[in-house]
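Engineer: Below you will find the structure I want to go over with you.
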Amino acid sequence: MAHVSPGYTVPSRTHVAAKVKERHVAGKKELAAMVREDAQFCALTTDAWTSKAMQSFNTLTCHFVSSNWELRSCVLDTSLFPGSHTAERIAEKINSALASFPVPQSKIVGIVHDEAANAVELRWLRT
């Protein structure tokens with residue numbers, strides 16, 4: 001960068017990380033408000049998957065039709081999911097994601113997952 005723009009200072013890793021976290025928190029608040037205010041009902045989809053680096057993840061997505069009849073989908077959570085993928089652990093992961101992204105339970109009409117044996121046994125109940 002010294003040749004392109006001699007006066008430019010490359011931001012530090014901590015500065016960039018803080019800015020990304022700040023934007024993540026703001027975006028999460030915006031999505032929560034959108035679901036609360038614009039979705040009469042919503043459905044969730046979830047799937048466990050493995051990266052090319054052989055790390056297991058779980059993703060939870062919320063889908064709804066807006067008041068303008070536009071289909072909206074937003075990823076509520078993608079996080080590491082090491083260990084056994086039992087129905088109980090999947091339910092815990094879903095409930096944990098919903099706790100950090102409060103979608104009113106009264107708006108959730110269903111949850112869709114693949115037909116893996118662990119997901120078929122899934123009984124999602126948030127208390």
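So you can find residues: chains in the structure tokens are A, B, ... in the order shown, residues in each start at 1, and ligands are numbered from 1 in order.
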For Ala48 (chain A), list every protein, DNA or RNA residue within 9 Å, evaluated using only C-alpha atoms, and leave out those in the same chain fewer than 3 positions away; present the list as a list in words.
Structural biologist: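 Non-adjacent residues within range: Ser56, Phe57, Asn58, Thr59, Phe81, His85 and Ile90 of chain A.
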Engineer: Would you mind listing what lies within 8 Å of Leu60 (chain A) as an MDAnalysis selection string, with only C-alpha atoms counted and same-chain residues fewer than 3 positions away left out?
Structural biologist: chainID A and resid 44:47 75:78 94 97
Engineer: Write the residues of the selection above to a file with N, CA, C and O atoms, as a short mmCIF file (atom, residue, chain, number, x, y, z; two decimals), in the first residue's frame.
Structural biologist:
data_model
loop_
_atom_site.label_atom_id
_atom_site.label_comp_id
_atom_site.auth_asym_id
_atom_site.auth_seq_id
_atom_site.Cartn_x
_atom_site.Cartn_y
_atom_site.Cartn_z
N LEU A 44 -39.29 -22.07 9.92
CA LEU A 44 -37.85 -22.21 10.10
C LEU A 44 -37.35 -23.42 9.31
O LEU A 44 -38.07 -24.41 9.16
N THR A 45 -36.14 -23.33 8.80
CA THR A 45 -35.46 -24.49 8.23
C THR A 45 -34.15 -24.65 8.96
O THR A 45 -33.54 -23.67 9.39
N THR A 46 -33.73 -25.89 9.11
CA THR A 46 -32.46 -26.17 9.78
C THR A 46 -31.75 -27.31 9.07
O THR A 46 -32.40 -28.19 8.50
N ASP A 47 -30.44 -27.26 9.10
CA ASP A 47 -29.66 -28.33 8.50
C ASP A 47 -28.28 -28.36 9.13
O ASP A 47 -27.69 -27.31 9.40
N VAL A 75 -30.88 -15.81 7.57
CA VAL A 75 -30.16 -16.78 8.38
C VAL A 75 -30.09 -16.24 9.80
O VAL A 75 -29.57 -15.15 10.03
N LEU A 76 -30.63 -16.99 10.73
CA LEU A 76 -30.61 -16.58 12.13
C LEU A 76 -29.32 -17.01 12.81
O LEU A 76 -28.84 -16.33 13.71
N ASP A 77 -28.79 -18.16 12.37
CA ASP A 77 -27.60 -18.66 13.04
C ASP A 77 -26.90 -19.69 12.16
O ASP A 77 -27.55 -20.54 11.57
N THR A 78 -25.59 -19.59 12.07
CA THR A 78 -24.73 -20.64 11.55
C THR A 78 -23.59 -20.74 12.54
O THR A 78 -22.90 -19.77 12.80
N ILE A 94 -31.20 -25.30 18.14
CA ILE A 94 -32.27 -24.44 17.64
C ILE A 94 -32.74 -23.49 18.74
O ILE A 94 -32.85 -22.28 18.52
N ALA A 97 -30.19 -20.78 19.38
CA ALA A 97 -30.20 -19.75 18.33
C ALA A 97 -31.40 -18.83 18.49
O ALA A 97 -31.28 -17.61 18.34
#
Engineer: Determine, counting only C-alpha atoms, which protein, DNA and RNA residues have an atom within 10 Å of an atom of Ala39 (chain A); residues of the same chain fewer than 4 positions away are not included. Present the result as a PyMOL selection string.
Structural biologist: chain A and resi 33-35+63-67+72+103+107-108
Engineer: Point out the residue among A:Gln40, A:Arg89, A:His15, A:Gln55 with the least atom-to-atom distance to Asn68 (chain A), counting only C-alpha atoms.
Structural biologist: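 Among A:Gln40, A:Arg89, A:His15, A:Gln55, it is A:Gln40 that comes nearest to Asn68 (chain A).
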Engineer: Output as an MDAnalysis selection string all residues of region 3-119 of chain A that backbone DSSP marks as alpha helix (DSSP H).
Structural biologist: chainID A and resid 13:38 87:100 117:119
Engineer: In terms of the shortest atom-to-atom distance over only C-alpha atoms, which of A:Ala99, A:Lys93, A:Asp114, A:Asp38 is closest to Leu71 (chain A)?
Structural biologist: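 With only C-alpha atoms as the atom set, the closest residue is A:Asp38.
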